[in-house]
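Remarks on the structure that follows.
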Amino acid sequence: MAGSLAQPGRAGGRLAPAAAGAGAGAVRRISIFGATGSIGESTLDLLARDPGAWQVVALTGRENVGRLAALARAFGAELAVTADPAREGELRDRLADSGVEAAAGPAALLEAAERPADVTVAAIVGAAGLAPGFRALAQGGRLALANKESLVAAGPLLLAEAARHGATILPVDSEHSAVFQALAGEDMGAVERIVITASGGPFRTWPAARLAAATVAEAAAHPNWSMGRRISIDSASLFNKALELIEAREFFGIAPERLEVVVHPQSIVHALVGFSDGALIAHLGAPDMRHAIGYALNWPRRRPLPVRRLDLAALGTLAFEAPDEARFPALRLARAVMATGGLAGAAFNAAKEIALDGFIAGRLRFPAMAALVEATLDRLSAGGGLTIAPSRLDDVLAMDHLARQTAAAIVQAGRI
Ligand code: NAD
Ligand code: MG
């Protein structure tokens with residue numbers, strides 16, 4: 001188990017005093033980056049159900065400034081930040097006379113991350129979420145990490161930064177929260193394998209030929225989970241699962257060959273941990289992100305959460321099948337990225353974001369996303385730069401930039 005992740009095997013140890021204080025009724029300060037998104041709104045839903053328990057420090061968003069201002073007012077936030085500098089005036093107008101400070105732009109996001117908070121929720125989508133989360137770690141508090149792209153692009157740096165400041169990173173991705181819970185009280189040395197589940201997305205049963213004609217609306221229609229559009233499309237391509245494999249490798253410090261993905265269309269079992277004695281401990285729950293979010297907020301305690309309880313008899317059976325890497329090459333690419341290490345994760349994520357932009361804009365067909373990511377990685381690895389281990393966040397951001405440019409150039413040249 002790496003660095004300063006909260007250690008499930010020792011839950012209740014290092015963090016117990018602070019958590020006990022909070023449990024005794026102390027108001028905890030919380031900032032939410034990406035407050036207007038799916039995870040952000042779910043987090044705020046939980047806060048609203050626990051009046052008096054939280055002081056909202058900073059809320060951030062980007063495009064939906066009206067919603068951001070409304071949330072900041074409703075929750076009595078100290079500060080609201082839009083990532084888009086062009087929307088600063090609108091945000092100020094909407095917050096006039098509210099007592100909520102308004103700010104805009106990437107620098108303002110970093111300043112917001114420095115405002116003292118006990119818990120920071122990292123729920124911006126994409127590599128844009130990396131720098132604010134990284135900055136928040138310097139406070140030495142708790143980072144509830146939904147932004148998996150951070151760990152994919154800069155896992156070792158993030159863990160080292162957390163260790164340096166005594167901060168704790170807790171997983172908010174449902175599979176990783178499930179693994180974390182299955183590991184509670186266990187010795188990582190006895191872990192044989194970690195299995196994360198994938199729903200298979202809306203195209204699980206589609207033949208390859210049909211995938212070429214898949215539309216954005218079809219790709220975004222996740223069968224089980226209600227999520228932001230980008231992660232929903234990533235679920236259809238299995239790029240989300242690919243990111244999650246790398247996320248699990250970084251989070252739990254486990255060798256890639258001990259990591260598995262199994263398709264489970266019902267999204268009831270979120271992950272399983274296999275131990276050296278043959279036991280396989282599974283985590284089951286309704287597909288509702290408020291469980292993983294609430295667990296990260298409440299850890300190391302468990303508190304009641306408003307999620308549907310499972311009726312196992314009504315469920316009847318749980319189905320599992322192997323992923324099809326021919327139709328969905330993203331998992332194979334993730335394994336190559338883990339084998340390469342260094343800056344490969346940053347390049348992979350950035351190329352994936354450009355591919356996704358291209359699909360959403362109608363420039364790329366659905367299968368071309370994986371082809372573009374693979375071509376980008378091939379080109380960058382020919383230059384030899386992917387294996388270099390980053391020593392600073394700027395190294396990661398530079399590779400992110402280079403991979404975006406490389407992917408865009410490949411598209412422009414019509415090679416995909
Ligand atoms: P979303 O698209 O619903 O919301 C994204 C949020 O980030 C919004 O507040 C948006 O305004 C903001 N944002 C977008 N681009 C930005 C930028 N460039 N700079 C600053 N802010 C920006 O996304 P989501 O589904 O809530 O996902 C958020 C993160 O959580 C992602 O990393 C995703 O992979 C992860 N996650 C989401 C779910 C889920 O159920 N939605 C589950 C697991 C993990
Ligand atoms: Mg997930």
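Going by the structure tokens order, chains are called A, B, ..., each with residues numbered from 1, while ligands are numbered from 1 in the order shown.
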Find the residues around A:Val27 up to 8 Å (only C-alpha atoms counted), leave out those fewer than 5 positions away in its own chain, and share them as a ChimeraX atom specification. /A:22,52-55
Can those selected residues be exported to a file as a JSON list (two decimals), in the first residue's frame so that it contains N, CA and C atoms?
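What follows is the written file selection.json:
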[["chain", "number", "residue", "atom", "x", "y", "z"],
["A", 22, "ALA", "N", -14.44, 15.08, 14.58],
["A", 22, "ALA", "CA", -15.53, 15.44, 13.70],
["A", 22, "ALA", "C", -16.80, 14.70, 14.08],
["A", 52, "GLY", "N", -25.86, 21.39, 9.56],
["A", 52, "GLY", "CA", -25.03, 21.76, 10.71],
["A", 52, "GLY", "C", -23.71, 21.02, 10.79],
["A", 53, "ALA", "N", -23.54, 19.98, 9.96],
["A", 53, "ALA", "CA", -22.32, 19.18, 10.05],
["A", 53, "ALA", "C", -21.17, 19.75, 9.24],
["A", 54, "TRP", "N", -21.52, 20.57, 8.22],
["A", 54, "TRP", "CA", -20.50, 21.02, 7.28],
["A", 54, "TRP", "C", -20.52, 22.52, 7.09],
["A", 55, "GLN", "N", -19.36, 23.10, 6.95],
["A", 55, "GLN", "CA", -19.22, 24.48, 6.48],
["A", 55, "GLN", "C", -18.64, 24.40, 5.07]]
So which bits of stretch 202-331 of chain A end up alpha helix (DSSP H) when you DSSP the backbone, as a ChimeraX atom specification? /A:208-211,216-220,229-237,239-252,289-298,312-315,330-331
Which one of A:Val273, A:Ile196, A:Ala131, A:Leu364 sits closest to ligand 2 if you count only C-alpha atoms and all ligand atoms?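 Ranked by minimum distance to ligand 2, first place goes to A:Ile196.
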Quick one: of A:Arg67, A:Val337, A:Val119, A:Ser31, who's nearest to A:Leu297, counting only C-alpha atoms? A:Val119
Who sits within 10 Å of A:Ala214, only C-alpha atoms, same chain under 3 positions skipped, as a list in words: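 Those residues are Phe203, Trp206, Ala209, Arg210, Leu211, Ala217, Glu218, Ala219, Phe359, Arg365, Phe366 and Pro367 of chain A.
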What lies within 10 Å of A:Pro85 using only C-alpha atoms, ignoring chain neighbours under 6 positions off, as a list in words?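 Final neighbour list, sorted by chain and number: Arg62, Ala103, Ala104, Gly105, Pro106, Ala107 and Ala108 of chain A.
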Quick one: everything within 10 Å of A:Gly294, counting only C-alpha atoms, minus sequence neighbours fewer than 3 positions away in the same chain. Send it as a count of residues only. 17
Distance filter 8 Å around ligand 2, atoms: only C-alpha atoms and all ligand atoms, out as a VMD selection string: chain A and resid 173 to 176 240 to 241 244
Expected file contents, prior selection, N, CA and C atoms, as a short mmCIF file (atom, residue, chain, number, x, y, z; two decimals), in the first residue's frame:
data_model
loop_
_atom_site.label_atom_id
_atom_site.label_comp_id
_atom_site.auth_asym_id
_atom_site.auth_seq_id
_atom_site.Cartn_x
_atom_site.Cartn_y
_atom_site.Cartn_z
N ASP A 173 -14.18 6.81 -6.60
CA ASP A 173 -14.63 5.91 -7.67
C ASP A 173 -15.24 4.68 -6.99
N SER A 174 -16.39 4.23 -7.50
CA SER A 174 -17.12 3.19 -6.75
C SER A 174 -16.33 1.89 -6.63
N GLU A 175 -15.62 1.51 -7.69
CA GLU A 175 -14.87 0.26 -7.64
C GLU A 175 -13.74 0.35 -6.62
N HIS A 176 -13.10 1.49 -6.59
CA HIS A 176 -11.94 1.65 -5.71
C HIS A 176 -12.38 1.83 -4.27
N ASN A 240 -13.11 4.19 -19.54
CA ASN A 240 -13.26 4.45 -18.10
C ASN A 240 -12.64 3.30 -17.30
N LYS A 241 -12.91 2.08 -17.73
CA LYS A 241 -12.36 0.92 -17.00
C LYS A 241 -10.84 0.88 -17.16
N GLU A 244 -9.49 3.13 -14.78
CA GLU A 244 -9.66 2.57 -13.43
C GLU A 244 -8.65 1.47 -13.11
#
Could you give me, as a PyMOL selection string, every polymer residue with an atom at most 8 Å away from an atom of ligand 1, counting only C-alpha atoms and all ligand atoms? chain A and resi 33-41+60-64+82-84+106+109+122-129+145-149+172-174+225-232+240+288-289
